[in-house]
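Novice: You'll find run.pdb just under this line, and it carries PDB, C-alpha atoms.
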MODEL        1
ATOM      1  CA  MET A   1      12.052 -13.341  10.717
ATOM      2  CA  GLN A   2      15.541 -13.181   9.253
ATOM      3  CA  SER A   3      16.451 -13.113   5.576
ATOM      4  CA  LYS A   4      19.750 -11.250   4.983
ATOM      5  CA  TYR A   5      19.372 -11.041   1.217
ATOM      6  CA  ALA A   6      18.905 -14.786   0.586
ATOM      7  CA  PRO A   7      18.252 -15.217  -3.164
ATOM      8  CA  LEU A   8      15.384 -17.683  -2.929
ATOM      9  CA  GLY A   9      11.684 -17.380  -2.177
ATOM     10  CA  LEU A  10       9.943 -18.146   1.103
ATOM     11  CA  SER A  11      10.921 -21.029   3.349
ATOM     12  CA  ALA A  12       8.430 -23.615   4.576
ATOM     13  CA  ASP A  13       8.379 -21.949   8.000
ATOM     14  CA  GLN A  14       7.716 -18.552   6.453
ATOM     15  CA  LEU A  15       4.904 -19.918   4.306
ATOM     16  CA  ASN A  16       3.342 -21.590   7.364
ATOM     17  CA  THR A  17       3.521 -18.333   9.338
ATOM     18  CA  PHE A  18       1.917 -16.370   6.506
ATOM     19  CA  GLU A  19      -0.831 -18.968   6.131
ATOM     20  CA  ARG A  20      -1.506 -18.964   9.885
ATOM     21  CA  ASP A  21      -1.358 -15.219  10.593
ATOM     22  CA  GLY A  22      -2.162 -13.546   7.274
ATOM     23  CA  PHE A  23       1.021 -11.473   7.375
ATOM     24  CA  LEU A  24       4.757 -12.072   7.439
ATOM     25  CA  ALA A  25       7.554  -9.670   8.370
ATOM     26  CA  ILE A  26      10.907 -10.522   6.768
ATOM     27  CA  GLU A  27      13.754  -8.498   8.215
ATOM     28  CA  ASP A  28      16.757  -7.437   6.107
ATOM     29  CA  PHE A  29      14.914  -8.181   2.884
ATOM     30  CA  PHE A  30      16.541  -5.179   1.239
ATOM     31  CA  SER A  31      19.652  -3.208   2.023
ATOM     32  CA  PRO A  32      20.268   0.133   3.773
ATOM     33  CA  VAL A  33      21.476   1.460   0.431
ATOM     34  CA  ASP A  34      18.090   0.572  -1.099
ATOM     35  CA  SER A  35      16.300   2.408   1.727
ATOM     36  CA  LYS A  36      18.493   5.461   1.269
ATOM     37  CA  ASN A  37      17.989   5.573  -2.502
ATOM     38  CA  LEU A  38      14.226   5.038  -2.364
ATOM     39  CA  LEU A  39      13.814   7.723   0.315
ATOM     40  CA  ARG A  40      15.969  10.131  -1.663
ATOM     41  CA  ARG A  41      13.877   9.547  -4.774
ATOM     42  CA  ALA A  42      10.649  10.037  -2.815
ATOM     43  CA  LYS A  43      11.881  13.413  -1.594
ATOM     44  CA  GLU A  44      12.920  14.355  -5.133
ATOM     45  CA  LEU A  45       9.422  13.593  -6.393
ATOM     46  CA  VAL A  46       7.802  15.740  -3.710
ATOM     47  CA  THR A  47      10.195  18.614  -4.360
ATOM     48  CA  ALA A  48       9.744  18.483  -8.134
ATOM     49  CA  PHE A  49       5.971  18.278  -8.448
ATOM     50  CA  ASP A  50       4.201  21.509  -9.438
ATOM     51  CA  LEU A  51       1.474  22.836  -7.172
ATOM     52  CA  LYS A  52       0.199  25.236  -9.806
ATOM     53  CA  ASP A  53      -2.000  22.830 -11.767
ATOM     54  CA  HIS A  54      -2.681  20.369  -8.947
ATOM     55  CA  PRO A  55      -6.392  19.999  -8.014
ATOM     56  CA  LYS A  56      -5.435  19.881  -4.314
ATOM     57  CA  THR A  57      -6.815  16.390  -3.872
ATOM     58  CA  LYS A  58      -6.779  15.183  -0.281
ATOM     59  CA  PHE A  59      -6.591  11.530   0.690
ATOM     60  CA  SER A  60      -8.626  10.017   3.500
ATOM     61  CA  THR A  61      -8.858   6.436   4.685
ATOM     62  CA  SER A  62     -12.165   6.957   6.498
ATOM     63  CA  ARG A  63     -15.303   5.323   5.184
ATOM     64  CA  ASP A  64     -17.219   8.567   4.700
ATOM     65  CA  ALA A  65     -14.542  10.817   3.245
ATOM     66  CA  HIS A  66     -12.578   8.689   0.792
ATOM     67  CA  VAL A  67     -11.460  10.683  -2.203
ATOM     68  CA  GLY A  68     -13.268   9.958  -5.466
ATOM     69  CA  ASP A  69     -12.535  12.750  -7.939
ATOM     70  CA  GLU A  70     -11.152  12.362 -11.456
ATOM     71  CA  TYR A  71      -7.558  13.071 -10.411
ATOM     72  CA  PHE A  72      -7.746  10.060  -8.101
ATOM     73  CA  LEU A  73      -9.812   7.809 -10.351
ATOM     74  CA  SER A  74      -7.440   8.201 -13.307
ATOM     75  CA  SER A  75      -4.276   7.681 -11.255
ATOM     76  CA  GLY A  76      -3.922   3.904 -11.683
ATOM     77  CA  ASP A  77      -1.375   4.244 -14.488
ATOM     78  CA  LYS A  78       0.179   7.557 -13.411
ATOM     79  CA  ILE A  79       2.287   9.097 -10.664
ATOM     80  CA  ARG A  80       0.095  11.467  -8.677
ATOM     81  CA  TYR A  81       0.226  13.313  -5.379
ATOM     82  CA  PHE A  82      -2.325  13.318  -2.555
ATOM     83  CA  PHE A  83      -2.323  15.721   0.364
ATOM     84  CA  GLU A  84      -2.749  15.092   4.065
ATOM     85  CA  GLU A  85      -6.258  15.994   5.237
ATOM     86  CA  ASP A  86      -4.951  18.854   7.386
ATOM     87  CA  ALA A  87      -2.452  20.232   4.858
ATOM     88  CA  LEU A  88      -4.906  22.562   3.112
ATOM     89  CA  ASP A  89      -7.390  25.162   4.304
ATOM     90  CA  LYS A  90     -10.989  25.294   3.082
ATOM     91  CA  ASP A  91      -9.920  27.332   0.054
ATOM     92  CA  GLY A  92      -7.248  24.842  -0.983
ATOM     93  CA  ASN A  93      -4.291  26.849   0.232
ATOM     94  CA  LEU A  94      -1.327  24.989   1.646
ATOM     95  CA  ILE A  95      -1.003  25.627   5.395
ATOM     96  CA  VAL A  96       2.066  23.461   6.038
ATOM     97  CA  GLU A  97       5.392  23.194   4.264
ATOM     98  CA  LYS A  98       5.119  21.453   0.911
ATOM     99  CA  GLU A  99       7.721  18.863   1.982
ATOM    100  CA  VAL A 100       5.442  17.540   4.752
ATOM    101  CA  SER A 101       2.089  18.113   3.038
ATOM    102  CA  ILE A 102       1.884  14.890   1.040
ATOM    103  CA  ASN A 103       0.117  11.802   2.382
ATOM    104  CA  LYS A 104       1.044   9.558  -0.520
ATOM    105  CA  ILE A 105       2.344   9.337  -4.076
ATOM    106  CA  GLY A 106       0.692   6.753  -6.325
ATOM    107  CA  HIS A 107      -0.308   4.593  -8.124
ATOM    108  CA  ALA A 108       2.062   3.442 -10.921
ATOM    109  CA  LEU A 109       5.514   4.042  -9.480
ATOM    110  CA  HIS A 110       6.348   0.406 -10.182
ATOM    111  CA  GLU A 111       5.932   1.060 -13.906
ATOM    112  CA  LEU A 112       6.836   4.697 -14.486
ATOM    113  CA  ASP A 113       9.657   5.578 -12.117
ATOM    114  CA  PRO A 114      12.906   3.813 -13.126
ATOM    115  CA  LEU A 115      14.240   3.398  -9.573
ATOM    116  CA  TYR A 116      10.985   2.064  -8.132
ATOM    117  CA  HIS A 117      10.462  -0.122 -11.209
ATOM    118  CA  GLU A 118      13.856  -1.763 -10.771
ATOM    119  CA  PHE A 119      13.264  -2.324  -7.072
ATOM    120  CA  SER A 120       9.730  -3.706  -7.597
ATOM    121  CA  THR A 121      10.666  -6.232 -10.257
ATOM    122  CA  ARG A 122      13.742  -7.857  -8.719
ATOM    123  CA  GLN A 123      14.110 -11.603  -8.973
ATOM    124  CA  ARG A 124      13.701 -11.983  -5.199
ATOM    125  CA  LEU A 125      10.162 -10.633  -5.425
ATOM    126  CA  LYS A 126       9.385 -12.941  -8.322
ATOM    127  CA  ASP A 127      10.659 -15.820  -6.188
ATOM    128  CA  VAL A 128       8.355 -14.774  -3.349
ATOM    129  CA  ALA A 129       5.376 -14.665  -5.726
ATOM    130  CA  LYS A 130       6.226 -18.142  -6.995
ATOM    131  CA  SER A 131       6.514 -19.414  -3.413
ATOM    132  CA  LEU A 132       3.000 -18.120  -2.769
ATOM    133  CA  GLY A 133       1.654 -20.009  -5.791
ATOM    134  CA  TYR A 134       0.897 -17.126  -8.148
ATOM    135  CA  ARG A 135       0.704 -18.277 -11.760
ATOM    136  CA  ALA A 136       0.416 -14.905 -13.509
ATOM    137  CA  PRO A 137       0.855 -12.149 -10.905
ATOM    138  CA  LYS A 138      -0.208  -8.665 -11.960
ATOM    139  CA  MET A 139       1.205  -5.606 -10.221
ATOM    140  CA  LEU A 140      -0.882  -2.540  -9.346
ATOM    141  CA  GLN A 141      -1.468   0.261  -6.831
ATOM    142  CA  SER A 142       2.106   1.130  -5.891
ATOM    143  CA  MET A 143       2.488   3.946  -3.391
ATOM    144  CA  ILE A 144       4.958   5.880  -1.319
ATOM    145  CA  ILE A 145       3.097   6.489   1.936
ATOM    146  CA  PHE A 146       4.337   9.238   4.222
ATOM    147  CA  LYS A 147       3.662   9.558   7.922
ATOM    148  CA  ASN A 148       5.315  12.871   8.620
ATOM    149  CA  PRO A 149       6.279  13.840  12.190
ATOM    150  CA  LYS A 150       3.341  14.943  14.346
ATOM    151  CA  ILE A 151       0.828  15.147  11.463
ATOM    152  CA  GLY A 152       0.913  11.681   9.875
ATOM    153  CA  GLY A 153      -2.625  10.347  10.268
ATOM    154  CA  GLU A 154      -3.882   6.997  11.509
ATOM    155  CA  VAL A 155      -5.232   4.360   9.144
ATOM    156  CA  PRO A 156      -8.314   2.569  10.503
ATOM    157  CA  PRO A 157      -8.787  -1.215  10.312
ATOM    158  CA  HIS A 158      -9.229  -2.446   6.761
ATOM    159  CA  GLN A 159      -8.604  -5.283   4.319
ATOM    160  CA  ASP A 160      -6.648  -4.651   1.137
ATOM    161  CA  SER A 161      -9.178  -6.742  -0.798
ATOM    162  CA  THR A 162     -11.664  -3.925  -0.220
ATOM    163  CA  PHE A 163      -9.744  -1.824  -2.722
ATOM    164  CA  LEU A 164      -8.445  -4.550  -5.067
ATOM    165  CA  TYR A 165     -11.193  -7.157  -5.134
ATOM    166  CA  THR A 166     -10.848 -10.229  -7.326
ATOM    167  CA  ASP A 167     -12.998 -13.335  -7.670
ATOM    168  CA  PRO A 168     -11.700 -15.485  -6.122
ATOM    169  CA  PRO A 169      -9.858 -13.140  -3.743
ATOM    170  CA  SER A 170      -6.146 -12.966  -4.550
ATOM    171  CA  ALA A 171      -4.796  -9.555  -3.478
ATOM    172  CA  ILE A 172      -1.577  -9.394  -1.507
ATOM    173  CA  GLY A 173       0.404  -6.378  -0.362
ATOM    174  CA  PHE A 174       4.190  -6.023  -0.462
ATOM    175  CA  TRP A 175       5.001  -3.391   2.194
ATOM    176  CA  PHE A 176       8.583  -2.135   2.503
ATOM    177  CA  ALA A 177       9.750  -0.257   5.604
ATOM    178  CA  LEU A 178      12.071   2.471   4.327
ATOM    179  CA  GLU A 179      12.546   3.725   7.892
ATOM    180  CA  ASP A 180      12.172   2.192  11.340
ATOM    181  CA  CYS A 181       8.460   1.860  12.134
ATOM    182  CA  THR A 182       7.570   2.065  15.832
ATOM    183  CA  PRO A 183       4.414   2.433  17.961
ATOM    184  CA  GLU A 184       5.323   6.107  18.374
ATOM    185  CA  ASN A 185       5.595   6.949  14.671
ATOM    186  CA  GLY A 186       2.739   4.808  13.370
ATOM    187  CA  CYS A 187       3.774   1.184  12.839
ATOM    188  CA  MET A 188       1.232  -1.412  11.756
ATOM    189  CA  TYR A 189      -1.079  -3.572  13.855
ATOM    190  CA  PHE A 190      -2.577  -6.844  12.638
ATOM    191  CA  SER A 191      -5.358  -9.160  13.752
ATOM    192  CA  PRO A 192      -3.599 -12.528  13.313
ATOM    193  CA  GLY A 193      -5.692 -15.116  11.530
ATOM    194  CA  SER A 194      -8.468 -12.691  10.617
ATOM    195  CA  HIS A 195      -7.968 -13.567   6.934
ATOM    196  CA  LYS A 196      -9.436 -16.971   7.789
ATOM    197  CA  ARG A 197     -12.299 -15.648   9.908
ATOM    198  CA  TYR A 198     -13.584 -13.006   7.500
ATOM    199  CA  PRO A 199     -14.191 -12.919   3.748
ATOM    200  CA  PRO A 200     -13.840  -9.553   1.988
ATOM    201  CA  LEU A 201     -16.144  -7.384   4.085
ATOM    202  CA  LYS A 202     -16.704  -4.520   1.675
ATOM    203  CA  ARG A 203     -15.665  -3.244  -1.731
ATOM    204  CA  PHE A 204     -14.487   0.211  -2.797
ATOM    205  CA  VAL A 205     -15.974   0.739  -6.254
ATOM    206  CA  ARG A 206     -16.795   3.315  -8.889
ATOM    207  CA  ASP A 207     -20.389   4.406  -8.412
ATOM    208  CA  GLY A 208     -21.163   5.147 -12.065
ATOM    209  CA  ARG A 209     -21.533   8.869 -11.342
ATOM    210  CA  GLY A 210     -17.886   9.852 -11.494
ATOM    211  CA  SER A 211     -17.130   9.098  -7.864
ATOM    212  CA  THR A 212     -16.678   6.123  -5.538
ATOM    213  CA  GLU A 213     -18.512   4.342  -2.775
ATOM    214  CA  PHE A 214     -18.067   1.507  -0.306
ATOM    215  CA  ARG A 215     -20.401  -1.457  -0.735
ATOM    216  CA  ASP A 216     -20.799  -3.871   2.141
ATOM    217  CA  THR A 217     -20.519  -7.532   1.267
ATOM    218  CA  GLU A 218     -20.606  -8.802   4.844
ATOM    219  CA  GLY A 219     -21.295  -7.279   8.242
ATOM    220  CA  ALA A 220     -18.110  -5.545   9.372
ATOM    221  CA  PRO A 221     -16.780  -6.919  12.688
ATOM    222  CA  VAL A 222     -15.852  -4.707  15.594
ATOM    223  CA  LEU A 223     -12.651  -6.156  16.997
ATOM    224  CA  ALA A 224     -11.442  -5.511  20.500
ATOM    225  CA  GLU A 225      -8.149  -3.659  20.738
ATOM    226  CA  GLU A 226      -6.467  -6.713  22.247
ATOM    227  CA  GLU A 227      -7.187  -8.700  19.079
ATOM    228  CA  TYR A 228      -4.542  -6.622  17.289
ATOM    229  CA  VAL A 229      -0.829  -7.187  17.722
ATOM    230  CA  CYS A 230       1.727  -4.431  17.299
ATOM    231  CA  VAL A 231       4.278  -5.176  14.576
ATOM    232  CA  PRO A 232       7.236  -2.758  14.744
ATOM    233  CA  THR A 233       9.564  -3.100  11.771
ATOM    234  CA  ARG A 234      13.113  -1.990  11.163
ATOM    235  CA  ALA A 235      14.134  -0.329   7.924
ATOM    236  CA  GLY A 236      14.821  -3.038   5.361
ATOM    237  CA  THR A 237      11.846  -5.191   6.370
ATOM    238  CA  LEU A 238       9.343  -6.542   3.858
ATOM    239  CA  VAL A 239       5.870  -7.245   5.248
ATOM    240  CA  LEU A 240       3.616  -9.492   3.174
ATOM    241  CA  ILE A 241      -0.065  -8.684   3.773
ATOM    242  CA  HIS A 242      -2.853 -11.094   2.864
ATOM    243  CA  GLY A 243      -5.728  -9.285   1.168
ATOM    244  CA  GLN A 244      -8.233 -10.340   3.827
ATOM    245  CA  VAL A 245      -6.229  -9.806   7.017
ATOM    246  CA  LEU A 246      -7.464  -6.863   9.110
ATOM    247  CA  HIS A 247      -4.741  -4.336   9.816
ATOM    248  CA  LYS A 248      -4.321  -0.700  10.777
ATOM    249  CA  SER A 249      -1.698   1.857  11.783
ATOM    250  CA  GLY A 250      -1.581   4.663  14.300
ATOM    251  CA  HIS A 251      -1.026   8.410  14.209
ATOM    252  CA  ASN A 252       2.569   9.594  14.107
ATOM    253  CA  SER A 253       2.923  11.361  17.436
ATOM    254  CA  SER A 254       6.721  11.389  17.293
ATOM    255  CA  SER A 255       9.365  13.696  15.881
ATOM    256  CA  LYS A 256      10.486  11.031  13.376
ATOM    257  CA  SER A 257       8.970  10.260   9.985
ATOM    258  CA  ARG A 258       7.613   6.816   9.061
ATOM    259  CA  ASN A 259       7.866   6.490   5.310
ATOM    260  CA  ILE A 260       7.207   3.277   3.419
ATOM    261  CA  TYR A 261       6.800   1.949  -0.122
ATOM    262  CA  THR A 262       4.176  -0.589  -1.097
ATOM    263  CA  PHE A 263       2.733  -2.270  -4.138
ATOM    264  CA  HIS A 264       0.031  -4.894  -4.577
ATOM    265  CA  MET A 265      -0.313  -8.043  -6.592
ATOM    266  CA  ILE A 266      -3.302 -10.011  -7.826
ATOM    267  CA  GLU A 267      -3.643 -13.286  -9.699
ATOM    268  CA  GLY A 268      -4.136 -12.625 -13.388
ATOM    269  CA  GLY A 269      -4.276 -16.184 -14.609
ATOM    270  CA  GLU A 270      -7.211 -18.109 -16.021
ATOM    271  CA  GLY A 271     -10.198 -18.252 -13.676
ATOM    272  CA  SER A 272      -9.426 -14.965 -11.893
ATOM    273  CA  LEU A 273     -11.829 -12.048 -12.377
ATOM    274  CA  TYR A 274     -10.998  -8.388 -11.745
ATOM    275  CA  PRO A 275     -14.386  -6.599 -11.731
ATOM    276  CA  ALA A 276     -14.795  -3.587 -14.015
ATOM    277  CA  ASP A 277     -16.300  -1.496 -11.211
ATOM    278  CA  ASN A 278     -13.181  -1.690  -9.009
ATOM    279  CA  TRP A 279     -11.907   1.814  -8.318
ATOM    280  CA  LEU A 280      -8.528   1.181 -10.020
ATOM    281  CA  VAL A 281      -8.873   0.641 -13.743
ATOM    282  CA  THR A 282      -6.362   1.413 -16.481
ATOM    283  CA  GLU A 283      -6.490   1.541 -20.251
ATOM    284  CA  LYS A 284      -3.765  -1.061 -20.700
ATOM    285  CA  PRO A 285      -3.392  -4.385 -18.833
ATOM    286  CA  PHE A 286      -1.690  -4.448 -15.451
ATOM    287  CA  MET A 287       2.033  -5.172 -15.521
ATOM    288  CA  ASP A 288       2.997  -8.844 -15.335
ATOM    289  CA  LEU A 289       5.607  -9.392 -12.622
ATOM    290  CA  TYR A 290       7.232 -12.469 -14.114
ATOM    291  CA  SER A 291       7.898 -10.871 -17.513
ATOM    292  CA  ALA A 292       8.951  -7.456 -16.166
TER     293      ALA A 292
ENDMDL
END
Show how you would write the structure in this file as C-alpha cells.
Specialist:
Amino acid sequence: MQSKYAPLGLSADQLNTFERDGFLAIEDFFSPVDSKNLLRRAKELVTAFDLKDHPKTKFSTSRDAHVGDEYFLSSGDKIRYFFEEDALDKDGNLIVEKEVSINKIGHALHELDPLYHEFSTRQRLKDVAKSLGYRAPKMLQSMIIFKNPKIGGEVPPHQDSTFLYTDPPSAIGFWFALEDCTPENGCMYFSPGSHKRYPPLKRFVRDGRGSTEFRDTEGAPVLAEEEYVCVPTRAGTLVLIHGQVLHKSGHNSSSKSRNIYTFHMIEGGEGSLYPADNWLVTEKPFMDLYSA
C-alpha cells in the first residue's frame, strides 16, 4: 500500500486492512536516505562492540532453546548484542567473521542511540499510533535484526504478544525493512486474520529462578503452510504487526542480507496491565511515544 511520506496517520482503507488481516505493509514510509543511515549505524555498532567482556550469549527463537541468562534478562533498557546460534563453537569461540556473527542488537535502541531514537519518535509514527487508538503508547523492545547471507536463521510461527503480554492485549510491532526482503533472503509470512481466531497462545516469562520459560495459555494451533501468505517488502516499507497475528520468516538462503529495524508498542493508559513476570522489565517506566 502506498504512502510516499504523507504526513498524516493511517487512512480508513489502511485501518480496515489492518483490522481484517492483522498486519499492514505501507510502502515508502521512510526514505532511502533513512535506510542508508540506519544500516550504516547498525554496522558501526557491530564493529565497535567489544568481544572481550561479552558473555557470548546466543539468541534462539525456538521454544526449547530461548535464551534466558542475565545478559538477556537485563537488556530491556540497554543496547546489547546476541549471536547467531551457529556463530560460536561449544567453547564460545567465534567461528565466523564478527561482522556476520550477530543475530540481533537490542533492546533499547529507541531510547539510547540518538539516530534510532530520532527515527523511532517521528511525528508520523505518533500519528499512526493515534490512528490505531492508543491513548498512552509505551515503547519497548527495539531491535536491529540481521539475516546475514546464507546463515540468517528462520523464525518459526509466533505472536508478538507472547513476549510482550498485556491485559487486555495491546502489543503491536513496527517493523521497518531497511533492505529489500524477498522469499530468498527471509521475508515474512503471515496468517491473515489469525489475530481474530486466536487469543495469546502462550507467554514468555521470567521463571523466578533467574531464567525464562514459555507458559501455554491456549492450545497452540498447527497451521497448514497454505494458511500463510508471503509478504515481500521493499526497503522503505513499514509493516504494522498486530500482537496476536501469527507470523514467521524463512532462512536466508541467498547471497544478500535482510536487515530490519523494529520496535514494539503497548497501551500504557488506565486499565492496561503489564505483568511483572514478563521477560522484559526495566527499572524506570517505558518511554512514552507521545511525549518523546
Novice: So which residues touch Leu246 (chain A) within 12 Å, counting all atoms listed in the file, skipping near sequence neighbours fewer than 5 positions away, as a PyMOL selection string?
Specialist: chain A and resi 21-23+155-162+188-201+220-223+227-229+241
Novice: Which of these, A:Gly250, A:Pro285, A:Pro275, A:Gly186, has the shortest distance to Val205 (chain A) once you count all atoms listed in the file?
Specialist: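 Among the listed residues, A:Pro275 lies closest to Val205 (chain A).
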Novice: Quote the spacing between CA of Leu289 (chain A) and CA of Gly269 (chain A) in Å to one decimal place.
Specialist: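 That distance, rounded to one decimal, is 12.2 Å.
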Novice: As a check of understanding, name the residues that the PyMOL selection byres ((chain A and resi 207) around 12) selects in the supplied structure, as a list in words.
Specialist: Gly68, Asp69, Leu73, Arg203, Phe204, Val205, Arg206, Gly208, Arg209, Gly210, Ser211, Thr212, Glu213, Phe214, Arg215, Ala276, Asp277, Asn278 and Trp279 of chain A
Novice: Could you tell me how far CA of Tyr71 (chain A) lies from CA of Val100 (chain A), in Å and to one decimal?
Specialist: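 Computing the Euclidean distance for CA of Tyr71 (chain A) and CA of Val100 (chain A) yields 20.5 Å.
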Novice: What is the distance, in Å and to one decimal place, between CA of Ala12 (chain A) and CA of Gly133 (chain A)?
Specialist: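 Going from CA of Ala12 (chain A) over to CA of Gly133 (chain A), I get 12.9 Å.
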Novice: Evaluate the PyMOL selection byres ((chain A and resi 86) around 10) and record the selected residues as a short mmCIF file (atom, residue, chain, number, x, y, z; two decimals) with C-alpha atoms, in the coordinates of the input, following the chain and residue labels used in the document.
Specialist:
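Saved result, part-v6.cif, follows:
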data_model
loop_
_atom_site.label_atom_id
_atom_site.label_comp_id
_atom_site.auth_asym_id
_atom_site.auth_seq_id
_atom_site.Cartn_x
_atom_site.Cartn_y
_atom_site.Cartn_z
CA LYS A 58 -6.78 15.18 -0.28
CA PHE A 83 -2.32 15.72 0.36
CA GLU A 84 -2.75 15.09 4.07
CA GLU A 85 -6.26 15.99 5.24
CA ALA A 87 -2.45 20.23 4.86
CA LEU A 88 -4.91 22.56 3.11
CA ASP A 89 -7.39 25.16 4.30
CA LYS A 90 -10.99 25.29 3.08
CA LEU A 94 -1.33 24.99 1.65
CA ILE A 95 -1.00 25.63 5.40
CA VAL A 96 2.07 23.46 6.04
CA SER A 101 2.09 18.11 3.04
CA ILE A 151 0.83 15.15 11.46
CA GLY A 152 0.91 11.68 9.88
CA GLY A 153 -2.62 10.35 10.27
#
Novice: Taking into account all atoms listed in the file, which residue in the set A:Tyr165, A:Phe119, A:Tyr134, A:Phe30 is nearest to Gly243 (chain A)?
Specialist: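 Checking each candidate against Gly243 (chain A), we get A:Tyr165 as the closest.
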Novice: Would you give the centre and edge lengths, in Å to one decimal, of a box along x, y and z around the listed atoms of region 82-87 of chain A, with 8 Å added to each side, as lines of an AutoDock Vina configuration file?
Specialist:
center_x = -4.3
center_y = 16.8
center_z = 2.4
size_x = 19.9
size_y = 22.9
size_z = 25.9
Novice: Provide region 107-120 of chain A rebuilt to N, CA and C atoms, formatted as a PDB file, in the coordinates of the input.
Specialist:
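Result file follows (part.pdb):
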ATOM      1  N   HIS A 107      -0.174   5.996  -8.491  1.00  0.00           N
ATOM      2  CA  HIS A 107      -0.308   4.593  -8.124  1.00  0.00           C
ATOM      3  C   HIS A 107       0.440   3.685  -9.108  1.00  0.00           C
ATOM      4  N   ALA A 108       1.341   4.257  -9.945  1.00  0.00           N
ATOM      5  CA  ALA A 108       2.062   3.442 -10.921  1.00  0.00           C
ATOM      6  C   ALA A 108       3.564   3.691 -10.854  1.00  0.00           C
ATOM      7  N   LEU A 109       4.070   3.887  -9.653  1.00  0.00           N
ATOM      8  CA  LEU A 109       5.514   4.042  -9.480  1.00  0.00           C
ATOM      9  C   LEU A 109       6.276   2.817  -9.984  1.00  0.00           C
ATOM     10  N   HIS A 110       5.688   1.651  -9.796  1.00  0.00           N
ATOM     11  CA  HIS A 110       6.348   0.406 -10.182  1.00  0.00           C
ATOM     12  C   HIS A 110       6.542   0.288 -11.689  1.00  0.00           C
ATOM     13  N   GLU A 111       5.791   1.070 -12.459  1.00  0.00           N
ATOM     14  CA  GLU A 111       5.932   1.060 -13.906  1.00  0.00           C
ATOM     15  C   GLU A 111       6.680   2.275 -14.432  1.00  0.00           C
ATOM     16  N   LEU A 112       6.418   3.452 -13.861  1.00  0.00           N
ATOM     17  CA  LEU A 112       6.836   4.697 -14.486  1.00  0.00           C
ATOM     18  C   LEU A 112       8.107   5.310 -13.922  1.00  0.00           C
ATOM     19  N   ASP A 113       8.439   5.018 -12.687  1.00  0.00           N
ATOM     20  CA  ASP A 113       9.657   5.578 -12.117  1.00  0.00           C
ATOM     21  C   ASP A 113      10.768   4.537 -12.220  1.00  0.00           C
ATOM     22  N   PRO A 114      11.869   4.835 -12.901  1.00  0.00           N
ATOM     23  CA  PRO A 114      12.906   3.813 -13.126  1.00  0.00           C
ATOM     24  C   PRO A 114      13.447   3.176 -11.851  1.00  0.00           C
ATOM     25  N   LEU A 115      13.689   3.965 -10.800  1.00  0.00           N
ATOM     26  CA  LEU A 115      14.240   3.398  -9.573  1.00  0.00           C
ATOM     27  C   LEU A 115      13.244   2.465  -8.899  1.00  0.00           C
ATOM     28  N   TYR A 116      11.994   2.904  -8.779  1.00  0.00           N
ATOM     29  CA  TYR A 116      10.985   2.064  -8.132  1.00  0.00           C
ATOM     30  C   TYR A 116      10.630   0.864  -9.007  1.00  0.00           C
ATOM     31  N   HIS A 117      10.704   1.023 -10.320  1.00  0.00           N
ATOM     32  CA  HIS A 117      10.462  -0.122 -11.209  1.00  0.00           C
ATOM     33  C   HIS A 117      11.523  -1.203 -10.997  1.00  0.00           C
ATOM     34  N   GLU A 118      12.781  -0.791 -10.966  1.00  0.00           N
ATOM     35  CA  GLU A 118      13.856  -1.763 -10.771  1.00  0.00           C
ATOM     36  C   GLU A 118      13.710  -2.483  -9.442  1.00  0.00           C
ATOM     37  N   PHE A 119      13.410  -1.724  -8.398  1.00  0.00           N
ATOM     38  CA  PHE A 119      13.264  -2.324  -7.072  1.00  0.00           C
ATOM     39  C   PHE A 119      12.081  -3.291  -7.037  1.00  0.00           C
ATOM     40  N   SER A 120      10.973  -2.930  -7.680  1.00  0.00           N
ATOM     41  CA  SER A 120       9.730  -3.706  -7.597  1.00  0.00           C
ATOM     42  C   SER A 120       9.745  -4.972  -8.421  1.00  0.00           C
TER      43      SER A 120
END
